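Chemist: Data: protein-v6.cif, mmCIF, C-alpha atoms.
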```cif
data_structure
#
loop_
_atom_site.label_atom_id
_atom_site.label_comp_id
_atom_site.auth_asym_id
_atom_site.auth_seq_id
_atom_site.Cartn_x
_atom_site.Cartn_y
_atom_site.Cartn_z
CA MET A 1 -22.06 9.02 -4.88
CA SER A 2 -18.27 8.89 -4.76
CA ASN A 3 -15.51 11.06 -3.40
CA ILE A 4 -13.18 11.83 -6.33
CA VAL A 5 -9.78 13.50 -6.19
CA LEU A 6 -9.34 15.19 -9.58
CA GLY A 7 -5.70 15.90 -10.34
CA VAL A 8 -4.93 18.57 -12.91
CA THR A 9 -1.38 18.87 -14.25
CA GLY A 10 0.49 21.26 -16.53
CA SER A 11 -1.00 20.68 -19.96
CA ILE A 12 -2.87 22.87 -22.39
CA ALA A 13 -5.71 20.38 -21.86
CA ALA A 14 -6.04 21.61 -18.26
CA TYR A 15 -8.92 23.85 -19.32
CA LYS A 16 -10.94 20.68 -20.00
CA ALA A 17 -10.73 19.84 -16.29
CA ALA A 18 -13.25 22.62 -15.64
CA ASP A 19 -15.95 20.80 -17.59
CA LEU A 20 -14.93 17.51 -16.06
CA ALA A 21 -15.15 18.90 -12.49
CA SER A 22 -18.52 20.46 -13.30
CA GLN A 23 -20.02 17.31 -14.81
CA LEU A 24 -18.71 15.03 -12.07
CA THR A 25 -20.22 17.39 -9.47
CA LYS A 26 -23.53 17.52 -11.34
CA ALA A 27 -23.52 13.71 -11.38
CA GLY A 28 -23.51 13.81 -7.58
CA HIS A 29 -19.85 13.12 -6.87
CA GLU A 30 -17.83 15.03 -4.30
CA VAL A 31 -14.95 16.42 -6.38
CA HIS A 32 -11.76 17.67 -4.74
CA CYS A 33 -9.42 19.28 -7.25
CA VAL A 34 -5.68 19.23 -6.77
CA MET A 35 -3.45 21.15 -9.17
CA THR A 36 0.25 21.00 -9.80
CA PRO A 37 1.98 24.39 -9.81
CA SER A 38 2.37 24.16 -13.60
CA ALA A 39 -1.38 23.55 -14.05
CA VAL A 40 -2.00 27.01 -12.59
CA GLU A 41 -0.32 28.43 -15.69
CA PHE A 42 -3.23 27.10 -17.79
CA ILE A 43 -6.32 27.43 -15.55
CA THR A 44 -6.99 29.17 -12.25
CA PRO A 45 -7.76 27.35 -9.02
CA LEU A 46 -10.77 29.63 -8.54
CA THR A 47 -12.43 28.19 -11.65
CA LEU A 48 -12.15 24.64 -10.32
CA GLN A 49 -13.14 25.74 -6.81
CA VAL A 50 -16.39 27.25 -8.03
CA LEU A 51 -17.24 24.29 -10.26
CA SER A 52 -16.35 21.62 -7.68
CA ARG A 53 -17.68 23.59 -4.70
CA HIS A 54 -14.55 22.74 -2.70
CA PRO A 55 -11.24 24.48 -2.05
CA VAL A 56 -8.50 23.57 -4.51
CA LEU A 57 -5.16 22.33 -3.23
CA VAL A 58 -2.16 23.60 -5.20
CA SER A 59 0.69 23.55 -2.73
CA LEU A 60 1.51 21.79 0.49
CA GLU A 61 1.88 25.35 1.79
CA ASP A 62 -1.92 25.69 1.40
CA GLU A 63 -2.31 23.26 4.29
CA LYS A 64 -1.10 25.66 7.00
CA ASN A 65 -4.66 26.35 8.20
CA SER A 66 -5.21 22.91 9.72
CA TRP A 67 -3.38 20.54 12.04
CA LYS A 68 -4.21 17.60 9.77
CA PRO A 69 -2.31 17.36 6.49
CA GLY A 70 -4.87 17.97 3.75
CA HIS A 71 -3.14 15.73 1.24
CA ILE A 72 -3.34 12.78 3.64
CA ASP A 73 -7.01 13.48 4.38
CA LEU A 74 -7.83 13.66 0.66
CA ALA A 75 -5.97 10.39 0.03
CA ASP A 76 -7.65 8.62 2.95
CA ASN A 77 -11.15 9.60 1.81
CA ALA A 78 -10.82 9.13 -1.95
CA ASP A 79 -13.03 6.57 -3.68
CA LEU A 80 -11.21 7.38 -6.93
CA PHE A 81 -8.02 9.22 -7.85
CA LEU A 82 -8.41 10.67 -11.35
CA ALA A 83 -5.62 12.63 -13.04
CA ALA A 84 -6.91 14.38 -16.18
CA PRO A 85 -4.93 15.73 -17.89
CA LEU A 86 -1.80 13.94 -16.75
CA SER A 87 1.46 15.42 -18.02
CA ALA A 88 4.60 13.41 -18.77
CA ASN A 89 6.24 15.05 -15.76
CA SER A 90 3.56 13.99 -13.27
CA LEU A 91 3.31 10.56 -14.87
CA GLY A 92 7.05 10.15 -14.25
CA ASN A 93 6.71 11.35 -10.65
CA PHE A 94 3.98 8.78 -9.98
CA ALA A 95 5.95 5.98 -11.64
CA HIS A 96 9.10 6.69 -9.65
CA GLY A 97 7.51 7.47 -6.29
CA LEU A 98 8.52 11.13 -6.31
CA ALA A 99 6.43 13.70 -4.43
CA PRO A 100 7.51 17.23 -5.39
CA ASP A 101 3.94 18.56 -5.23
CA SER A 102 0.58 18.03 -3.52
CA LEU A 103 -0.82 15.83 -6.29
CA SER A 104 2.12 13.39 -6.23
CA SER A 105 1.98 13.36 -2.42
CA ILE A 106 -1.68 12.37 -2.52
CA TYR A 107 -0.96 9.66 -5.09
CA LEU A 108 1.71 8.15 -2.83
CA ALA A 109 -0.54 8.37 0.26
CA LEU A 110 -3.51 6.57 -1.33
CA PRO A 111 -4.61 3.35 0.34
CA ARG A 112 -3.71 0.46 -1.99
CA GLN A 113 -7.38 -0.39 -2.63
CA THR A 114 -8.19 3.10 -3.97
CA PRO A 115 -8.57 2.92 -7.76
CA VAL A 116 -6.34 5.20 -9.83
CA LEU A 117 -7.46 6.39 -13.27
CA LEU A 118 -4.94 8.27 -15.39
CA ALA A 119 -5.70 10.23 -18.56
CA PRO A 120 -2.43 11.45 -20.12
CA ALA A 121 -2.23 14.42 -22.48
CA MET A 122 1.02 15.57 -24.06
CA ASN A 123 2.92 16.04 -27.29
CA GLY A 124 2.87 12.86 -29.39
CA LYS A 125 6.64 12.52 -29.38
CA MET A 126 6.61 12.73 -25.59
CA TRP A 127 3.85 10.09 -25.39
CA ASP A 128 5.75 7.74 -27.72
CA HIS A 129 9.10 8.20 -25.98
CA PRO A 130 10.46 4.97 -24.47
CA ALA A 131 10.82 6.61 -21.03
CA THR A 132 7.14 7.59 -21.02
CA GLN A 133 6.10 4.14 -22.15
CA ARG A 134 8.26 2.54 -19.42
CA ASN A 135 6.52 4.78 -16.87
CA VAL A 136 3.09 3.79 -18.22
CA ALA A 137 4.03 0.10 -18.01
CA ARG A 138 5.27 0.54 -14.44
CA LEU A 139 2.04 2.28 -13.37
CA LYS A 140 -0.09 -0.37 -15.07
CA ALA A 141 1.90 -3.04 -13.21
CA ASP A 142 1.13 -1.10 -10.01
CA GLY A 143 -2.60 -1.44 -10.79
CA CYS A 144 -3.35 1.96 -12.31
CA HIS A 145 -6.05 2.21 -14.98
CA PHE A 146 -5.29 4.27 -18.09
CA ILE A 147 -7.40 6.20 -20.55
CA ASP A 148 -5.07 6.40 -23.52
CA PRO A 149 -4.68 9.73 -25.28
CA GLU A 150 -6.43 10.21 -28.59
CA GLU A 151 -5.03 10.94 -32.03
CA GLY A 152 -5.60 14.24 -33.78
CA ASP A 153 -4.44 17.84 -33.89
CA LEU A 154 -2.18 18.68 -30.97
CA ALA A 155 -1.78 22.12 -29.43
CA CYS A 156 1.89 22.19 -30.48
CA GLY A 157 0.83 22.14 -34.13
CA TYR A 158 1.62 18.46 -34.72
CA GLN A 159 -0.73 15.65 -35.63
CA GLY A 160 -0.50 12.50 -33.59
CA THR A 161 -1.44 10.68 -30.42
CA GLY A 162 -1.43 12.83 -27.33
CA ARG A 163 -4.80 14.59 -27.07
CA LEU A 164 -6.70 14.19 -23.82
CA ALA A 165 -9.38 11.53 -24.25
CA SER A 166 -12.87 12.83 -24.92
CA PHE A 167 -15.09 13.89 -22.07
CA ASP A 168 -17.47 10.98 -22.75
CA THR A 169 -14.62 8.47 -22.71
CA ILE A 170 -13.35 9.82 -19.39
CA MET A 171 -16.84 9.81 -17.82
CA ASP A 172 -17.47 6.24 -19.04
CA SER A 173 -14.12 5.14 -17.59
CA VAL A 174 -14.94 6.80 -14.25
CA LYS A 175 -18.25 4.90 -14.08
CA GLN A 176 -16.57 1.64 -15.06
CA VAL A 177 -13.73 1.93 -12.51
CA LEU A 178 -16.09 2.98 -9.70
CA ALA A 179 -18.37 0.04 -10.48
CA GLY A 180 -15.40 -2.23 -9.85
#
```
Just give me the structure of the file as structure tokens.
Modeler:
Amino acid sequence: MSNIVLGVTGSIAAYKAADLASQLTKAGHEVHCVMTPSAVEFITPLTLQVLSRHPVLVSLEDEKNSWKPGHIDLADNADLFLAAPLSANSLGNFAHGLAPDSLSSIYLALPRQTPVLLAPAMNGKMWDHPATQRNVARLKADGCHFIDPEEGDLACGYQGTGRLASFDTIMDSVKQVLAG
């Protein structure tokens, strides 16, 4: 099957990445999880390591054990870059070419032909903000595929658009993007 880099960012929806990593692995994909430092506040790297059966990259400091930069190796070998959940902060980093963490560094190092699938999850006001929408438009213009957030109850207590898309929607999108 495919080699998938699964990016997990700082969102309450980060716990859903565990099921996603598990199901992608069960489907036969090689899943390499990369977490932003803020994602570690919501789910542990060990959880994703066990479910994906691969070490989890959280910091560029984690790469000290090898001569080859791990983030470059992951980018070079990815058949798909999937960020789920994608926070407004990481979305902005991608859109503006910033690389303050391992995940953003991998995104910037991807070969241009590697498909990128982004599944945002955030507060509805953040999702609707003009700056976020400009960043989404920029990433779409760059060729990124999006799985729009869903409407419903949000962790912050609001109702609105911002929930991470359903597991089935994400899995269907992965299949569709990998099929070309």
Chemist: Around the point (-3.2, 9.0, 7.8), in the coordinates given by the file, pick out the residues reaching within 12 Å, counting all atoms listed in the file, and return them as a PDB file with C-alpha atoms, in the coordinates of the input.
Modeler:
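What landed in result_6.pdb:
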```pdb
ATOM      1  CA  LYS A  68      -4.210  17.600   9.770  1.00  0.00           C
ATOM      2  CA  PRO A  69      -2.310  17.360   6.490  1.00  0.00           C
ATOM      3  CA  GLY A  70      -4.870  17.970   3.750  1.00  0.00           C
ATOM      4  CA  HIS A  71      -3.140  15.730   1.240  1.00  0.00           C
ATOM      5  CA  ILE A  72      -3.340  12.780   3.640  1.00  0.00           C
ATOM      6  CA  ASP A  73      -7.010  13.480   4.380  1.00  0.00           C
ATOM      7  CA  LEU A  74      -7.830  13.660   0.660  1.00  0.00           C
ATOM      8  CA  ALA A  75      -5.970  10.390   0.030  1.00  0.00           C
ATOM      9  CA  ASP A  76      -7.650   8.620   2.950  1.00  0.00           C
ATOM     10  CA  ASN A  77     -11.150   9.600   1.810  1.00  0.00           C
ATOM     11  CA  ILE A 106      -1.680  12.370  -2.520  1.00  0.00           C
ATOM     12  CA  LEU A 108       1.710   8.150  -2.830  1.00  0.00           C
ATOM     13  CA  ALA A 109      -0.540   8.370   0.260  1.00  0.00           C
ATOM     14  CA  LEU A 110      -3.510   6.570  -1.330  1.00  0.00           C
ATOM     15  CA  PRO A 111      -4.610   3.350   0.340  1.00  0.00           C
TER      16      PRO A 111
END
```
Chemist: What is the distance between atom CA of Ala121 of chain A and atom CA of Ile43 of chain A, in Å to one decimal?
Modeler: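 One can read the atom CA of Ala121 of chain A to atom CA of Ile43 of chain A distance as 15.3 Å.
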Chemist: Just so the selection is clear, what residues does the PyMOL selection byres ((chain A and resi 144-158) around 8) cover here, as number ranges by chain?
Modeler: A: 12, 115-121, 123-124, 139-143, 159-166, 169-170, 173
Chemist: Run the PyMOL selection byres ((chain A and resi 94) around 9) on the file and write out the hits as a list in words.
Modeler: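 Taken over the shown coordinates, the PyMOL selection byres ((chain A and resi 94) around 9) returns Asn89, Ser90, Leu91, Gly92, Asn93, Ala95, His96, Gly97, Leu98, Ala99, Ser104, Tyr107, Leu108, Asn135 and Leu139 of chain A.
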Chemist: Would you translate the PyMOL selection byres ((chain A and resi 28) around 12) into the concrete set of residues it matches in this file, as a PDB file with C-alpha atoms, keeping the file's coordinate frame?
Modeler:
```pdb
ATOM      1  CA  MET A   1     -22.060   9.020  -4.880  1.00  0.00           C
ATOM      2  CA  SER A   2     -18.270   8.890  -4.760  1.00  0.00           C
ATOM      3  CA  ASN A   3     -15.510  11.060  -3.400  1.00  0.00           C
ATOM      4  CA  ILE A   4     -13.180  11.830  -6.330  1.00  0.00           C
ATOM      5  CA  ALA A  21     -15.150  18.900 -12.490  1.00  0.00           C
ATOM      6  CA  SER A  22     -18.520  20.460 -13.300  1.00  0.00           C
ATOM      7  CA  GLN A  23     -20.020  17.310 -14.810  1.00  0.00           C
ATOM      8  CA  LEU A  24     -18.710  15.030 -12.070  1.00  0.00           C
ATOM      9  CA  THR A  25     -20.220  17.390  -9.470  1.00  0.00           C
ATOM     10  CA  LYS A  26     -23.530  17.520 -11.340  1.00  0.00           C
ATOM     11  CA  ALA A  27     -23.520  13.710 -11.380  1.00  0.00           C
ATOM     12  CA  HIS A  29     -19.850  13.120  -6.870  1.00  0.00           C
ATOM     13  CA  GLU A  30     -17.830  15.030  -4.300  1.00  0.00           C
ATOM     14  CA  VAL A  31     -14.950  16.420  -6.380  1.00  0.00           C
ATOM     15  CA  SER A  52     -16.350  21.620  -7.680  1.00  0.00           C
ATOM     16  CA  ARG A  53     -17.680  23.590  -4.700  1.00  0.00           C
TER      17      ARG A  53
END
```
Chemist: Rounded to one decimal in Å, what is the spacing between atom CA of Trp127 of chain A and atom CA of Ala14 of chain A?
Modeler: 16.8 Å
Chemist: Using all atoms listed in the file, which of A:Phe167, A:Gly7, A:Gln176, A:Pro37 sits nearest Pro100 of chain A?
Modeler: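 Among A:Phe167, A:Gly7, A:Gln176, A:Pro37, it is A:Pro37 that comes nearest to Pro100 of chain A.
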Chemist: Using Å and a single decimal, report how far atom CA of Val5 of chain A sits from atom CA of Ser87 of chain A.
Modeler: 16.4 Å
Chemist: Take the point (-2.4, 22.6, -5.7) as written in the file and pick out every residue within 9 Å of it, counting all atoms listed in the file; give the list as a PyMOL selection string.
Modeler: chain A and resi 7-8+33-37+39-40+45+56-60+62+101-103
Chemist: Kindly compute an axis-aligned box around the listed atoms of segment 79-82 of chain A, allowing 4 Å on each side, and express its centre and edge lengths in Å to one decimal as AutoDock Vina command-line options.
Modeler:
```
--center_x -10.5 --center_y 8.6 --center_z -7.5 --size_x 13.0 --size_y 12.1 --size_z 15.7
```
